[in-house]
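First comes the structure, then the notes that go with it.
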Amino acid sequence: MSIIALKVEGLSKHFIIKRSVFSKKIKIDAVKKINFVVKQNESMGLIGESGSGKTTIANMLLKLIDSSEGSIELFGVDITNLNGEAMRAHRKDIQIIFQYTHAVLDPKMTIEELIKEPLVIHQIVKEHDLDEEVDRLLQMVGLSILERKKFPSQLSGGQNQRIIIARAIATRAKLIVCDEPVSALDVSVQGQILNLLVKLKEELGLTYVLITHDLSVVKHMCNRIAVMYQGEIVEIGETEKVLSNPTNPYTKKLIASILD
Amino acid sequence: MKKMNLPLLLGSVVLIVILLVMMFPEMFVDQSPYTIQHTRFLHGDGKLYIERAPFPPAKDFILGSDHLGRDIYSYIIYGTRLTITLSVMIAIGQFLVAIPMALYAGFGNRVAKSVILQTGVIFSAIPALLIAIIVLKLDFFVGLEKQKSIIAFIVVLTSVSWPRLAGLILERVEAILTQPFIRGEVAIGKRYFKIAMENVLPHLAPEMIILFFMEIARNLSMMMQLGIFAVFVGNLGLISDASAGIPINLTVSFEPEWASMLSTSRTLISTAPWAIIYPALAFFISVLGFNLFGEGLRNTMQKKDSRAVLLFRKIISFDFKYIWRNSEKKIKVKMAIWTIAFTFLLGLFTWINNEDYSIGYRTDSSELPEQVVIGTESAVKTANYIATKMSEMGIEPIKNESYLMGYDIGPSYLIESQLLRLNVPGTPIELKKDSDYAFMTSGNISETGPIYDATREDMFDLQDYSQFEGHYVLLDKSYYNDSAIGYFIDNITQNVNIKGILLIANKDEKLENVIVHASEELAVIIVSREASKKMIEYPDVSITIETVVKPIDSMGYNVVGIYKGTDKNIGDEAIVIGMNYNYLESNNKEVLEFNLKLMEKLCGLATNKRSIIFMFLDGTINEEQHGIHYIAQDFPYSSQKVQVYIDLTGIRTTEFGKVEFSTAQAPITRQFSWSLGHHLNKELNNKDFDLQQLEAMFINGEYYFTGSIADNALFWNRGMPTIIIGTLRAEENKKNLEDLGAIILEVISKNNY
């Protein structure tokens, strides 16, 4: 019986917008009461169009923003209401790989510093083993150890994404949320990064929550899939089942659009 | 070709000059900024012109003088230190408040944010300058002494100007915090504090450094504006200028500082524009310098040079080990070269700067006798020796072609042995000489007699002296002045036959005596207050006196000479220096050597515009025979021409713990002496001398030193402003004459330009 890595129940997020002192409050539901479970060693795909609330979910899972309702359970621990120090202890279990942009890594830090950071913060290795560990991580994500002294601006997008992956696995995270990990990269690089993610999953026994709008990525990576539409999960199940036999009209439309 | 960074270059030149001026002001001027010269006399075409300050720029005053006759150039140079330090301190204060507040606010602290925004709103409605003026004009702030005034200035100016800066920083912090990488750092589990230090600050740093220099420039111009409104830091003295017969009260700072110059001279803009233009120019140049430097830094920092930031982050997280290990060899070499260059430059300046004011007095003492006492052969010999030295140094006699000025001290004895015993019931008490008692008048006496306590009698009213017959009469010196006591003694001795007079000493009076007035019948003895208590304690107690004396020559010799000033206008004015040449113990020969050497060095100064009169005074061991009384009776030079009398007769030991110092008799109305005294006081404090003020009484608007009549002689008899410097022994005698002499020499040199 496999362990449940992540359990989300009734998770909601709404933003309240007030345009001016006189106008009425407008409530916008970004995420509406979603439920899903991710088992260990599983890859769960969250798929949907832009604005369907995928990234909001990612931010809530990482506690980068607070949720409005519902609960998040990480390896059996309810982290919904954890804050500050209490949350920091759990951060090493759950990590995120952001969509690549030019400033997703601090441009004023060297690669070495960036990779050392999680190791030092969570005291993963002893101080005198730090350098060795950085080398090992760099090699694991397929980078040369010669890149250590460089700055993110001196590397390509694909290389930077590898650094981000290295930072995520440095904490020995069991669950990694990948938020559009390849969408901003060259098509030629996309495959390499996805293959790296698959390889690491096998080597380290990782669990992924993969957020994307790209069905082919989901097909390649995930064994389960949840389709999101306007903040709700409209369909969830085994990837092949959902793709071959969609029940929801939106899912049908989505699959049809890709097949065209 | 690489484009040169002109603003940075110009800015650093100005900044380096400012730094050097701050560190070595003496390098750039050889005049004292404290010297006040209100009126000066010029000879020309056989006429005498009298000029009053402010003097226009000329050879004597390169940039002119202000209305007190202070040299503007040296004032600006010396003022750099305080002015620039102040502006830098205010800038540091602003950043110390603004950065943490902005960071707090940036990370979502509502209180910090609203404080920044609200105070910003307030200060944009009411100008910060106005608030600073109103606050700093309060009597409380105006009356503060220098140190406190500086702190108050920094606090007030910091608190009115930080919100604007914090607003600027907050904007930047918020911009940085919206960058995607901050989200990544949070996700990885980094603390907010660490994010602020390691991620936010490095992005902020280049701009902060630029802003810092800009803020310094801003503060300088704020101080300039405050100066125009008569708000400035430093000693606010109330000078009473009575030279025209009408007392005028002025608020003047005696602390060299630019803003105060603007303030004190602001009324002179039409009559003496130089007094205000040059300080303003100093402000202008330094504001420009700091701004250019900031601008230049901005140009450099905008280029991608992230190594510096890496270093910066390591510095703020105190990881010095890392810096050393990981900095490349090239950087290490570069750093080493810079350090060496800077040290070399500093060393060079210290070396150039090191003007030799040392005295170096321990040369040869062999020619001097073991003991010099007035009236003995040793005194005459030493006086002649000093006279020879004077003529060697180019010092001329003032009167009758002779350096020696003899005076009659009356028939006197040198005491060879002395004893004073208190015959109390039980064991008699033998009093200690020089601490319990000292003879003033005596002969060869060996007698015993009872004491009559006359301390409760009113001596002025007393007509019948018969009860004194055959007694030693005890009088309290603190009740009567010296001439009154003389009158009583005359009266008593004419009417009745007494054995002697016991005088209770004044507080702090020195009981030391080797010379006494000759008298075979009557003994006059000064006793300490403690000893007198024992005498009163036992009624009808008797005392025994035994003394052996040797007659001495009744002549004392002061050695006086003048070293003529070089300036044709003020050469007649004189600085008088009084020193002693008597001593009892052979190790005090060195004091005389020191005095002679000091004289030599003073004559050897590059410029001596005013004359210096040297007086070696005889009889300085006791008050009674002190040569200064006779000099005061018959001063060989025009007293009006004497600018200041510096009394060094109190210098008695080569090693000492405290310096006895007083400028109470150099009032501010006698500007030259006041400014010289002020300068001396400052230098002595700078060199960590422990100063002890002489006790002085305020009589009829002037001070009278109660400790010694000799200290008052020239001021009260001749009206010469007097500065007194002496040595005092303490538990620890760490200070030596060499250092004291260097200060005296330097101050006189800088004031006699």
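Identifiers in this document derive from the order of the structure tokens: chains are assigned A, B, ..., residues are numbered from 1 separately in each chain, and ligands are numbered from 1 in order of occurrence.
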Neighbour list for stretch 123-132 of chain A as a PyMOL selection string, cut-off 9 Å, only C-alpha atoms, skip fewer than 5 positions in-chain: chain A and resi 112+116+118+137+170-172
Put those residues in a file: C-alpha atoms, as a PDB file, in the first residue's frame.
ATOM      1  CA  GLU A 112      27.684  27.855  -6.081  1.00  0.00           C
ATOM      2  CA  LYS A 116      24.668  25.898  -1.201  1.00  0.00           C
ATOM      3  CA  PRO A 118      19.263  25.075   0.674  1.00  0.00           C
ATOM      4  CA  LEU A 137      24.306  17.973  -7.381  1.00  0.00           C
ATOM      5  CA  ALA A 170      19.304  19.558  -2.693  1.00  0.00           C
ATOM      6  CA  THR A 171      16.888  19.574   0.250  1.00  0.00           C
ATOM      7  CA  ARG A 172      16.127  15.897  -0.325  1.00  0.00           C
TER       8      ARG A 172
END
Please identify all polymer residues within 8 Å of stretch 421-429 of chain B, counting only C-alpha atoms, omitting same-chain residues fewer than 5 positions from it, and present them as a PyMOL selection string. chain B and resi 535+538+541-545
Could the residues in this selection be written to a file with C-alpha atoms, as a PDB file, in the first residue's frame?
ATOM      1  CA  MET B 535      47.299  74.194  69.169  1.00  0.00           C
ATOM      2  CA  TYR B 538      44.953  72.283  74.495  1.00  0.00           C
ATOM      3  CA  VAL B 541      49.890  74.933  75.555  1.00  0.00           C
ATOM      4  CA  SER B 542      53.435  76.125  75.000  1.00  0.00           C
ATOM      5  CA  ILE B 543      55.667  75.685  71.976  1.00  0.00           C
ATOM      6  CA  THR B 544      59.396  75.400  71.608  1.00  0.00           C
ATOM      7  CA  ILE B 545      61.307  76.865  68.687  1.00  0.00           C
TER       8      ILE B 545
END
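Interatomic distance, atom CA of B:Tyr637 against atom CA of B:Leu68: 27.1 Å.
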Please identify every residue of chain B that has at least one atom no farther than 9 Å from an atom of chain A, counting only C-alpha atoms, and for each give the shortest atom pair and the distance in Å to one decimal, arranged by chain then increasing number, as a tab-separated table.
residue	atom	partner	partner_atom	distance
B:Gln179	CA	A:Ala103	CA	6.7
B:Pro180	CA	A:Val104	CA	5.0
B:Phe181	CA	A:Val104	CA	4.3
B:Ile182	CA	A:Asp106	CA	7.7
B:Arg183	CA	A:Leu64	CA	7.3
B:Gly184	CA	A:Val104	CA	7.0
B:Glu185	CA	A:Leu105	CA	8.6
B:Val186	CA	A:Leu64	CA	7.5
B:Ala187	CA	A:Leu62	CA	6.5
B:Ile188	CA	A:Pro118	CA	6.2
B:Gly189	CA	A:Arg88	CA	5.2
B:Lys190	CA	A:Ile121	CA	6.7
B:Arg191	CA	A:Arg88	CA	8.3
B:Asn199	CA	A:Asp106	CA	7.2
B:Pro202	CA	A:Lys108	CA	7.5
B:His203	CA	A:Lys108	CA	7.4
B:Ser306	CA	A:Lys108	CA	6.3
B:Arg307	CA	A:Lys108	CA	8.7
B:Val309	CA	A:Lys108	CA	7.0
B:Leu310	CA	A:Met109	CA	6.9
Keeping N, CA and C atoms, export the residues of the selection given above as a compact mmCIF listing (two decimals), in the first residue's frame.
# COMPACT_ATOMS: atom_id res chain seq x y z
N GLN B 179 10.39 40.74 -7.43
CA GLN B 179 11.16 39.93 -8.38
C GLN B 179 10.88 38.45 -8.12
N PRO B 180 10.83 37.63 -9.17
CA PRO B 180 10.49 36.21 -8.98
C PRO B 180 11.44 35.45 -8.07
N PHE B 181 12.70 35.81 -8.07
CA PHE B 181 13.64 34.99 -7.30
C PHE B 181 13.37 35.05 -5.79
N ILE B 182 12.72 36.12 -5.33
CA ILE B 182 12.40 36.22 -3.90
C ILE B 182 11.45 35.08 -3.52
N ARG B 183 10.47 34.79 -4.42
CA ARG B 183 9.54 33.69 -4.17
C ARG B 183 10.31 32.37 -4.03
N GLY B 184 11.30 32.23 -4.87
CA GLY B 184 12.12 31.02 -4.83
C GLY B 184 12.85 30.89 -3.50
N GLU B 185 13.36 32.01 -3.02
CA GLU B 185 14.10 31.97 -1.76
C GLU B 185 13.17 31.63 -0.60
N VAL B 186 11.94 32.14 -0.65
CA VAL B 186 10.99 31.82 0.41
C VAL B 186 10.67 30.33 0.36
N ALA B 187 10.43 29.82 -0.86
CA ALA B 187 10.06 28.43 -1.02
C ALA B 187 11.14 27.50 -0.50
N ILE B 188 12.38 27.96 -0.62
CA ILE B 188 13.47 27.09 -0.20
C ILE B 188 13.63 27.10 1.31
N GLY B 189 12.89 28.00 1.98
CA GLY B 189 12.88 27.99 3.44
C GLY B 189 13.81 29.01 4.07
N LYS B 190 14.14 30.05 3.34
CA LYS B 190 15.05 31.06 3.88
C LYS B 190 14.27 32.01 4.78
N ARG B 191 14.92 32.43 5.87
CA ARG B 191 14.27 33.38 6.77
C ARG B 191 14.19 34.75 6.11
N ASN B 199 19.71 38.89 -0.05
CA ASN B 199 19.15 39.07 -1.38
C ASN B 199 18.74 40.50 -1.66
N PRO B 202 22.06 43.37 -1.25
CA PRO B 202 23.00 43.45 -2.37
C PRO B 202 22.41 44.15 -3.59
N HIS B 203 21.12 43.97 -3.81
CA HIS B 203 20.51 44.65 -4.95
C HIS B 203 20.34 46.13 -4.66
N SER B 306 29.63 42.12 -10.88
CA SER B 306 28.94 41.50 -9.76
C SER B 306 29.88 40.98 -8.69
N ARG B 307 31.16 40.91 -9.01
CA ARG B 307 32.12 40.43 -7.99
C ARG B 307 32.03 41.28 -6.74
N VAL B 309 29.61 42.85 -5.57
CA VAL B 309 28.41 42.56 -4.78
C VAL B 309 28.60 41.29 -3.96
N LEU B 310 29.24 40.30 -4.57
CA LEU B 310 29.52 39.05 -3.86
C LEU B 310 30.31 39.36 -2.60
Spatial neighbours of stretch 223-237 of chain A, 8 Å, only C-alpha atoms, chain gap at least 4 places, as a CSV table (one decimal) with C-alpha atoms, in the first residue's frame:
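Final output, around_7.csv:
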chain,number,residue,atom,x,y,z
A,29,ASP,CA,-12.8,32.8,-7.0
A,30,ALA,CA,-9.5,31.7,-8.3
A,31,VAL,CA,-9.8,28.1,-6.9
A,32,LYS,CA,-13.0,26.5,-5.9
A,33,LYS,CA,-13.1,23.6,-3.5
A,34,ILE,CA,-10.8,21.2,-5.1
A,35,ASN,CA,-9.9,17.8,-3.8
A,42,GLU,CA,3.3,9.1,-8.4
A,43,SER,CA,3.2,12.0,-11.0
A,44,MET,CA,0.1,14.0,-10.9
A,45,GLY,CA,-0.6,16.3,-13.8
A,46,LEU,CA,-2.7,19.5,-13.3
A,47,ILE,CA,-3.8,20.7,-16.7
A,48,GLY,CA,-5.9,23.6,-17.8
A,49,GLU,CA,-5.9,26.8,-19.8
A,51,GLY,CA,-6.3,31.6,-15.7
A,52,SER,CA,-7.8,28.3,-14.6
A,53,GLY,CA,-6.0,28.6,-11.2
A,54,LYS,CA,-3.2,26.1,-11.7
A,218,VAL,CA,1.4,15.2,-19.3
A,219,LYS,CA,1.3,12.2,-21.5
A,241,LYS,CA,-8.3,6.7,-19.2
A,242,VAL,CA,-8.9,10.4,-19.2
A,247,THR,CA,-16.4,12.4,-19.8
A,248,ASN,CA,-16.3,16.2,-19.3
A,250,TYR,CA,-14.3,20.7,-21.5
A,251,THR,CA,-11.8,17.9,-21.5
Write out as JSON, numbers by chain which residues come within 12 Å of A:Ile65 when counting only C-alpha atoms, dropping same-chain ones fewer than 2 positions away. {"A": [12, 13, 14, 15, 55, 56, 57, 58, 59, 60, 61, 62, 63, 67, 68, 80, 81, 82, 83], "B": [183, 186, 187]}
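With only C-alpha atoms as the atoms that count, the residue of B:Gly741, B:Pro273, B:Gly106, B:Pro256 with the shortest distance to B:Ala196 is B:Gly106.
A straight line drawn from atom CA of B:Lys601 to atom CA of B:Glu392 is 12.9 Å long.
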Which of stretch 561-685 of chain B fall in helix (DSSP H, G or I), as a count of residues only: 43
Env of B:Trp716: 10 Å cut, atoms = only C-alpha atoms, seq-sep filter 3 positions within chain, self excluded. Answer as a PyMOL selection string. chain B and resi 632+665+702-704+709+711-713+719-722
Pull C-alpha atoms from the residues just selected and write them as a tab-separated table (two decimals), in the first residue's frame.
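Final output, saved to result-v8.tsv:
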chain	number	residue	atom	x	y	z
B	632	ALA	CA	55.63	94.35	38.84
B	665	GLN	CA	43.02	86.35	34.09
B	702	GLU	CA	38.12	90.31	37.59
B	703	TYR	CA	39.55	87.13	39.02
B	704	TYR	CA	41.97	86.99	41.89
B	709	ILE	CA	49.97	86.66	45.51
B	711	ASP	CA	50.25	84.71	40.48
B	712	ASN	CA	48.29	87.93	40.54
B	713	ALA	CA	51.16	90.39	40.46
B	719	GLY	CA	46.90	94.99	33.94
B	720	MET	CA	48.60	92.31	31.89
B	721	PRO	CA	46.40	89.35	31.03
B	722	THR	CA	47.93	86.30	32.61
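Look at A:Leu6: the protein and nucleic acid residues within 9 Å of it, using only C-alpha atoms and passing over chain neighbours fewer than 6 places away, are Phe36, Val37, Val38, Lys39, Gln40, Ile72, Glu73, Leu74, Phe75, Gly76 and Leu175 of chain A.
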Shell of 6 Å around stretch 475-492 of chain B, only C-alpha atoms, local chain residues under 5 positions omitted, as a list in words: Ala454, Thr455, Leu503, Ile504, Ala505 and Asn506 of chain B
I need the residues from that last selection saved to file as a PDB file, in the first residue's frame (with C-alpha atoms), if you can.
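So the final result, stored in selection_0.pdb, reads:
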ATOM      1  CA  ALA B 454      43.699  85.457  68.908  1.00  0.00           C
ATOM      2  CA  THR B 455      41.633  83.889  66.164  1.00  0.00           C
ATOM      3  CA  LEU B 503      49.681  82.572  61.115  1.00  0.00           C
ATOM      4  CA  ILE B 504      47.180  79.939  60.038  1.00  0.00           C
ATOM      5  CA  ALA B 505      47.749  79.333  56.347  1.00  0.00           C
ATOM      6  CA  ASN B 506      45.143  79.854  53.655  1.00  0.00           C
TER       7      ASN B 506
END
Would you compute the distance between atom CA of B:Val111 and atom CA of B:Ile131? Give it in Å to one decimal. 23.6 Å
Members of stretch 646-722 of chain B assigned strand (DSSP E) by DSSP, as a PyMOL selection string: chain B and resi 646-650+655-656+658-665+691-693+696-699+702-705+722
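With only C-alpha atoms as the atoms that count, the residue of B:Met697, B:Ile748, B:Leu691, B:Ile570 with the shortest distance to B:Lys609 is B:Ile570.
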